[in-house]
Amino acid sequence: MAAFRESEIPSDDEAVMAIFQNGTQEHIIPSFKYAISQPLHITVTLCFFTVGYILGGGSVVLALLAGGLWIGLLYYCCYEFYAGYVRSKLNTDMRDIAGFYLSSPDNCFWVAEAEINGQPQIMGIVAVEGKELPDSGQKYGELFRMNVLSTSRRTGLASRLCETVIDFCKERRFSKIVLHVTFTQTAAIAFYRKMGFALVHDLLFKVNNTMFNPLW
């Protein structure tokens, strides 16, 4: 097993971008499979097939084209949801990691590197941004950009990166940590539960009860 080390300064920006982009867009297919299996979407698909068949004068080809059009549109929506998110972030915080995450003491960005054949290779990334609750002004941390190469999964690397974020937020005396996942990311949800996070509506929170009172 490779020995990993953590760094706050990415040694290879292109590798970081690739991990972020690939790790985010790998959710396109699962989300599409989930969407196409929903009763409403199955009904709409059948309607497209039927309408295409009727308007095509009983043509099976037109029926398949009509149904395929709807399925293609559904896939495009799933694709654009994640690909659009990647494009947006590559033009904001991921465009200038040092400027966005390392210029404020409440933000940070970490990369995990391993030496492969004598060369350093980035195996995972994670970030946190300090924010304030609008009603109380108390600070909390939002976990971002948790991505690990597929070859480095189930090695404990994701847990180490998550623990790094938790330790950072404890040092900053944040009231909680919040993160967002889509409900099709079942592996991610199971992972964060294992790390001690609790599902609250569509948010996952972790509260350090030894340092401050929980905020819900």
# chains A, B, ... in the order shown; residues from 1 in each chain; ligands from 1

call {"tool": "select_by_dssp", "arguments": {"residues": "stretch 12-152 of chain A", "states": "helix (DSSP H, G or I)", "output": "short mmCIF file (atom, residue, chain, number, x, y, z; two decimals) with N, CA, C and O atoms, in the first residue's frame"}}
result
data_model
loop_
_atom_site.label_atom_id
_atom_site.label_comp_id
_atom_site.auth_asym_id
_atom_site.auth_seq_id
_atom_site.Cartn_x
_atom_site.Cartn_y
_atom_site.Cartn_z
N ASP A 13 -1.99 21.21 -10.41
CA ASP A 13 -3.34 21.75 -10.54
C ASP A 13 -4.18 20.93 -11.51
O ASP A 13 -5.37 20.72 -11.30
N GLU A 14 -3.58 20.48 -12.61
CA GLU A 14 -4.33 19.71 -13.60
C GLU A 14 -4.83 18.40 -13.02
O GLU A 14 -5.95 17.96 -13.31
N ALA A 15 -4.02 17.75 -12.19
CA ALA A 15 -4.43 16.49 -11.56
C ALA A 15 -5.58 16.74 -10.59
O ALA A 15 -6.51 15.94 -10.50
N VAL A 16 -5.52 17.85 -9.88
CA VAL A 16 -6.60 18.21 -8.95
C VAL A 16 -7.89 18.42 -9.72
O VAL A 16 -8.96 17.93 -9.33
N MET A 17 -7.81 19.16 -10.82
CA MET A 17 -9.00 19.41 -11.64
C MET A 17 -9.58 18.10 -12.17
O MET A 17 -10.80 17.91 -12.20
N ALA A 18 -8.70 17.19 -12.60
CA ALA A 18 -9.15 15.93 -13.16
C ALA A 18 -9.85 15.08 -12.12
O ALA A 18 -10.90 14.47 -12.40
N ILE A 19 -9.32 15.04 -10.90
CA ILE A 19 -9.95 14.28 -9.83
C ILE A 19 -11.32 14.86 -9.50
O ILE A 19 -12.31 14.13 -9.34
N PHE A 20 -11.39 16.19 -9.42
CA PHE A 20 -12.67 16.85 -9.14
C PHE A 20 -13.68 16.58 -10.24
O PHE A 20 -14.83 16.19 -9.97
N GLN A 21 -13.27 16.75 -11.49
CA GLN A 21 -14.19 16.58 -12.60
C GLN A 21 -14.66 15.13 -12.74
O GLN A 21 -15.86 14.86 -12.83
N ASN A 22 -13.72 14.19 -12.71
CA ASN A 22 -14.08 12.78 -12.87
C ASN A 22 -14.89 12.27 -11.68
O ASN A 22 -15.85 11.50 -11.86
N GLY A 23 -14.51 12.70 -10.48
CA GLY A 23 -15.22 12.25 -9.29
C GLY A 23 -16.65 12.76 -9.24
O GLY A 23 -17.54 12.08 -8.72
N THR A 24 -16.88 13.95 -9.77
CA THR A 24 -18.23 14.52 -9.78
C THR A 24 -19.07 13.90 -10.89
O THR A 24 -20.22 13.51 -10.68
N GLN A 25 -18.49 13.78 -12.08
CA GLN A 25 -19.26 13.31 -13.22
C GLN A 25 -19.52 11.81 -13.20
O GLN A 25 -20.34 11.32 -13.99
N ILE A 28 -23.23 10.75 -12.90
CA ILE A 28 -24.22 10.96 -13.96
C ILE A 28 -25.00 9.68 -14.24
O ILE A 28 -26.24 9.69 -14.28
N ILE A 29 -24.31 8.57 -14.45
CA ILE A 29 -24.98 7.31 -14.78
C ILE A 29 -25.88 6.82 -13.66
O ILE A 29 -27.05 6.47 -13.91
N PRO A 30 -25.42 6.80 -12.38
CA PRO A 30 -26.34 6.39 -11.31
C PRO A 30 -27.58 7.26 -11.21
O PRO A 30 -28.68 6.75 -10.97
N SER A 31 -27.41 8.57 -11.41
CA SER A 31 -28.58 9.45 -11.31
C SER A 31 -29.53 9.21 -12.48
O SER A 31 -30.76 9.27 -12.31
N PHE A 32 -28.99 8.92 -13.66
CA PHE A 32 -29.83 8.61 -14.82
C PHE A 32 -30.60 7.30 -14.60
O PHE A 32 -31.80 7.22 -14.88
N LYS A 33 -29.92 6.29 -14.07
CA LYS A 33 -30.58 5.01 -13.81
C LYS A 33 -31.70 5.18 -12.79
O LYS A 33 -32.77 4.59 -12.91
N TYR A 34 -31.44 6.02 -11.79
CA TYR A 34 -32.47 6.29 -10.79
C TYR A 34 -33.65 7.02 -11.43
O TYR A 34 -34.82 6.67 -11.19
N ALA A 35 -33.35 8.02 -12.24
CA ALA A 35 -34.42 8.82 -12.86
C ALA A 35 -35.28 7.98 -13.79
O ALA A 35 -36.51 8.05 -13.76
N ILE A 36 -34.64 7.16 -14.61
CA ILE A 36 -35.39 6.39 -15.61
C ILE A 36 -36.23 5.29 -14.96
O ILE A 36 -37.18 4.78 -15.57
N PRO A 39 -41.47 5.74 -11.37
CA PRO A 39 -42.77 5.47 -12.00
C PRO A 39 -43.25 6.57 -12.94
O PRO A 39 -43.77 6.28 -14.03
N LEU A 40 -43.07 7.84 -12.54
CA LEU A 40 -43.51 8.93 -13.39
C LEU A 40 -42.77 8.93 -14.72
O LEU A 40 -43.37 9.09 -15.79
N HIS A 41 -41.47 8.73 -14.66
CA HIS A 41 -40.67 8.76 -15.88
C HIS A 41 -40.94 7.53 -16.74
O HIS A 41 -40.86 7.61 -17.98
N ILE A 42 -41.21 6.40 -16.12
CA ILE A 42 -41.59 5.22 -16.89
C ILE A 42 -42.89 5.48 -17.64
O ILE A 42 -43.04 5.14 -18.82
N THR A 43 -43.85 6.12 -16.94
CA THR A 43 -45.13 6.46 -17.58
C THR A 43 -44.93 7.41 -18.76
O THR A 43 -45.53 7.22 -19.83
N VAL A 44 -44.11 8.43 -18.56
CA VAL A 44 -43.86 9.39 -19.64
C VAL A 44 -43.19 8.70 -20.82
O VAL A 44 -43.51 8.97 -21.99
N THR A 45 -42.24 7.81 -20.53
CA THR A 45 -41.56 7.07 -21.60
C THR A 45 -42.56 6.27 -22.42
O THR A 45 -42.53 6.28 -23.66
N LEU A 46 -43.46 5.56 -21.74
CA LEU A 46 -44.48 4.79 -22.43
C LEU A 46 -45.40 5.69 -23.26
O LEU A 46 -45.83 5.31 -24.36
N CYS A 47 -45.71 6.86 -22.71
CA CYS A 47 -46.55 7.82 -23.46
C CYS A 47 -45.85 8.26 -24.75
O CYS A 47 -46.49 8.38 -25.80
N PHE A 48 -44.55 8.53 -24.67
CA PHE A 48 -43.81 8.92 -25.86
C PHE A 48 -43.82 7.81 -26.90
O PHE A 48 -43.99 8.06 -28.09
N PHE A 49 -43.59 6.58 -26.44
CA PHE A 49 -43.64 5.45 -27.36
C PHE A 49 -45.02 5.36 -28.04
O PHE A 49 -45.13 5.16 -29.25
N THR A 50 -46.08 5.50 -27.22
CA THR A 50 -47.44 5.37 -27.73
C THR A 50 -47.78 6.47 -28.72
O THR A 50 -48.34 6.21 -29.81
N VAL A 51 -47.47 7.72 -28.33
CA VAL A 51 -47.75 8.86 -29.21
C VAL A 51 -46.98 8.73 -30.52
O VAL A 51 -47.51 8.98 -31.61
N GLY A 52 -45.72 8.33 -30.42
CA GLY A 52 -44.92 8.14 -31.64
C GLY A 52 -45.48 7.07 -32.53
O GLY A 52 -45.49 7.21 -33.77
N TYR A 53 -45.99 6.02 -31.91
CA TYR A 53 -46.58 4.91 -32.68
C TYR A 53 -47.86 5.36 -33.38
O TYR A 53 -48.08 5.06 -34.56
N ILE A 54 -48.70 6.12 -32.66
CA ILE A 54 -49.98 6.58 -33.23
C ILE A 54 -49.75 7.61 -34.33
O ILE A 54 -50.30 7.50 -35.43
N LEU A 55 -48.94 8.63 -34.03
CA LEU A 55 -48.69 9.68 -35.02
C LEU A 55 -47.93 9.15 -36.23
O LEU A 55 -48.03 9.71 -37.33
N VAL A 60 -43.26 1.35 -35.86
CA VAL A 60 -42.47 0.99 -34.69
C VAL A 60 -41.20 1.85 -34.61
O VAL A 60 -40.75 2.24 -33.52
N VAL A 61 -40.65 2.17 -35.76
CA VAL A 61 -39.44 2.99 -35.80
C VAL A 61 -39.68 4.37 -35.20
O VAL A 61 -38.90 4.86 -34.38
N LEU A 62 -40.79 5.01 -35.58
CA LEU A 62 -41.12 6.32 -35.03
C LEU A 62 -41.44 6.24 -33.54
O LEU A 62 -41.14 7.16 -32.78
N ALA A 63 -42.05 5.14 -33.14
CA ALA A 63 -42.33 4.94 -31.72
C ALA A 63 -41.03 4.87 -30.93
O ALA A 63 -40.90 5.47 -29.87
N LEU A 64 -40.06 4.11 -31.48
CA LEU A 64 -38.76 3.99 -30.81
C LEU A 64 -38.03 5.33 -30.81
O LEU A 64 -37.37 5.68 -29.82
N LEU A 65 -38.14 6.08 -31.90
CA LEU A 65 -37.49 7.39 -31.96
C LEU A 65 -38.10 8.35 -30.94
O LEU A 65 -37.37 9.11 -30.28
N ALA A 66 -39.42 8.32 -30.81
CA ALA A 66 -40.08 9.21 -29.85
C ALA A 66 -39.68 8.86 -28.43
O ALA A 66 -39.37 9.75 -27.62
N GLY A 67 -39.70 7.57 -28.11
CA GLY A 67 -39.29 7.15 -26.77
C GLY A 67 -37.83 7.43 -26.52
O GLY A 67 -37.45 7.86 -25.42
N GLY A 68 -37.01 7.21 -27.54
CA GLY A 68 -35.58 7.49 -27.40
C GLY A 68 -35.29 8.96 -27.19
O GLY A 68 -34.34 9.33 -26.49
N LEU A 69 -36.11 9.81 -27.81
CA LEU A 69 -35.96 11.26 -27.63
C LEU A 69 -36.16 11.64 -26.18
O LEU A 69 -35.39 12.43 -25.61
N TRP A 70 -37.19 11.09 -25.55
CA TRP A 70 -37.45 11.38 -24.14
C TRP A 70 -36.34 10.83 -23.25
O TRP A 70 -35.87 11.52 -22.34
N ILE A 71 -35.90 9.62 -23.51
CA ILE A 71 -34.82 9.02 -22.72
C ILE A 71 -33.54 9.84 -22.87
O ILE A 71 -32.81 10.07 -21.89
N GLY A 72 -33.27 10.29 -24.10
CA GLY A 72 -32.09 11.12 -24.32
C GLY A 72 -32.17 12.44 -23.58
O GLY A 72 -31.17 12.92 -23.03
N LEU A 73 -33.37 13.03 -23.55
CA LEU A 73 -33.56 14.27 -22.82
C LEU A 73 -33.34 14.07 -21.33
O LEU A 73 -32.72 14.91 -20.66
N LEU A 74 -33.82 12.94 -20.82
CA LEU A 74 -33.64 12.64 -19.40
C LEU A 74 -32.16 12.47 -19.06
O LEU A 74 -31.68 12.98 -18.04
N TYR A 75 -31.44 11.78 -19.94
CA TYR A 75 -29.99 11.61 -19.72
C TYR A 75 -29.28 12.95 -19.78
O TYR A 75 -28.39 13.24 -18.97
N TYR A 76 -29.68 13.79 -20.75
CA TYR A 76 -29.04 15.10 -20.88
C TYR A 76 -29.23 15.93 -19.61
O TYR A 76 -28.30 16.62 -19.18
N CYS A 77 -30.41 15.86 -19.02
CA CYS A 77 -30.68 16.61 -17.79
C CYS A 77 -29.77 16.13 -16.66
O CYS A 77 -29.23 16.94 -15.90
N CYS A 78 -29.61 14.81 -16.55
CA CYS A 78 -28.72 14.26 -15.52
C CYS A 78 -27.28 14.66 -15.79
O CYS A 78 -26.54 15.03 -14.87
N TYR A 79 -26.88 14.58 -17.07
CA TYR A 79 -25.52 14.96 -17.44
C TYR A 79 -25.25 16.43 -17.14
O TYR A 79 -24.24 16.79 -16.54
N GLU A 80 -26.19 17.27 -17.54
CA GLU A 80 -25.98 18.71 -17.39
C GLU A 80 -25.99 19.12 -15.92
O GLU A 80 -25.32 20.08 -15.54
N PHE A 81 -26.72 18.39 -15.08
CA PHE A 81 -26.76 18.70 -13.65
C PHE A 81 -25.35 18.64 -13.07
O PHE A 81 -24.93 19.54 -12.32
N TYR A 82 -24.62 17.57 -13.39
CA TYR A 82 -23.27 17.41 -12.85
C TYR A 82 -22.21 18.12 -13.68
O TYR A 82 -21.30 18.77 -13.13
N ALA A 83 -22.31 18.02 -15.01
CA ALA A 83 -21.32 18.67 -15.86
C ALA A 83 -21.40 20.19 -15.72
O ALA A 83 -20.37 20.88 -15.72
N GLY A 84 -22.63 20.72 -15.59
CA GLY A 84 -22.79 22.15 -15.39
C GLY A 84 -22.21 22.61 -14.07
O GLY A 84 -21.63 23.69 -13.96
N TYR A 85 -22.38 21.76 -13.04
CA TYR A 85 -21.80 22.06 -11.73
C TYR A 85 -20.28 22.13 -11.83
O TYR A 85 -19.65 23.04 -11.28
N VAL A 86 -19.69 21.16 -12.54
CA VAL A 86 -18.23 21.15 -12.71
C VAL A 86 -17.77 22.41 -13.43
O VAL A 86 -16.81 23.07 -13.01
N ARG A 87 -18.44 22.76 -14.52
CA ARG A 87 -18.06 23.97 -15.27
C ARG A 87 -18.12 25.20 -14.39
O ARG A 87 -17.24 26.07 -14.44
N SER A 88 -19.18 25.28 -13.58
CA SER A 88 -19.34 26.44 -12.71
C SER A 88 -18.20 26.55 -11.71
O SER A 88 -17.63 27.63 -11.52
N LYS A 89 -17.85 25.43 -11.08
CA LYS A 89 -16.82 25.46 -10.04
C LYS A 89 -15.42 25.63 -10.62
O LYS A 89 -14.54 26.20 -9.97
N LEU A 90 -15.20 25.14 -11.84
CA LEU A 90 -13.89 25.34 -12.47
C LEU A 90 -13.67 26.80 -12.83
O LEU A 90 -12.53 27.21 -13.09
N ASP A 93 -14.19 28.76 -7.44
CA ASP A 93 -13.18 28.42 -6.43
C ASP A 93 -12.07 27.52 -6.95
O ASP A 93 -10.91 27.67 -6.56
N MET A 94 -12.38 26.58 -7.87
CA MET A 94 -11.36 25.67 -8.37
C MET A 94 -10.43 26.34 -9.39
O MET A 94 -9.39 25.78 -9.74
N ARG A 95 -10.80 27.51 -9.82
CA ARG A 95 -9.94 28.24 -10.77
C ARG A 95 -8.73 28.83 -10.07
O ARG A 95 -7.65 28.97 -10.67
N ILE A 97 -7.37 27.97 -6.44
CA ILE A 97 -7.49 27.27 -5.17
C ILE A 97 -6.79 28.03 -4.06
O ILE A 97 -7.34 28.23 -2.98
N ALA A 98 -5.57 28.46 -4.33
CA ALA A 98 -4.82 29.18 -3.30
C ALA A 98 -5.52 30.48 -2.92
O ALA A 98 -5.63 30.82 -1.74
N GLY A 99 -6.01 31.21 -3.92
CA GLY A 99 -6.65 32.48 -3.64
C GLY A 99 -7.95 32.34 -2.89
O GLY A 99 -8.27 33.16 -2.03
N PHE A 100 -8.71 31.28 -3.18
CA PHE A 100 -10.02 31.11 -2.55
C PHE A 100 -9.92 30.42 -1.20
O PHE A 100 -10.53 30.86 -0.22
N TYR A 101 -9.18 29.33 -1.13
CA TYR A 101 -9.19 28.50 0.07
C TYR A 101 -8.06 28.82 1.06
O TYR A 101 -8.19 28.56 2.26
N SER A 150 -10.44 6.29 -7.83
CA SER A 150 -11.05 4.98 -7.65
C SER A 150 -10.03 3.95 -7.17
O SER A 150 -10.37 3.04 -6.41
N THR A 151 -8.76 4.09 -7.58
CA THR A 151 -7.72 3.15 -7.18
C THR A 151 -7.32 3.30 -5.71
O THR A 151 -6.65 2.43 -5.16
N SER A 152 -7.71 4.42 -5.10
CA SER A 152 -7.34 4.67 -3.70
C SER A 152 -8.52 4.53 -2.74
O SER A 152 -8.39 4.85 -1.56
#

call {"tool": "closest_residue", "arguments": {"among": "A:Thr92, A:Gly124, A:Trp110, A:Asn117", "to": "A:Thr155", "atoms": "only C-alpha atoms"}}
result
A:Gly124

call {"tool": "closest_residue", "arguments": {"among": "A:Ala198, A:Leu102, A:Val128, A:Ala187", "to": "A:Arg154", "atoms": "only C-alpha atoms"}}
result
A:Ala187

call {"tool": "atom_distance", "arguments": {"atom1": "atom CA of A:Asp106", "atom2": "atom CA of A:Gly130"}}
result
4.8 Å

call {"tool": "atom_distance", "arguments": {"atom1": "atom CA of A:Gln138", "atom2": "atom CA of A:Glu163"}}
result
21.8 Å
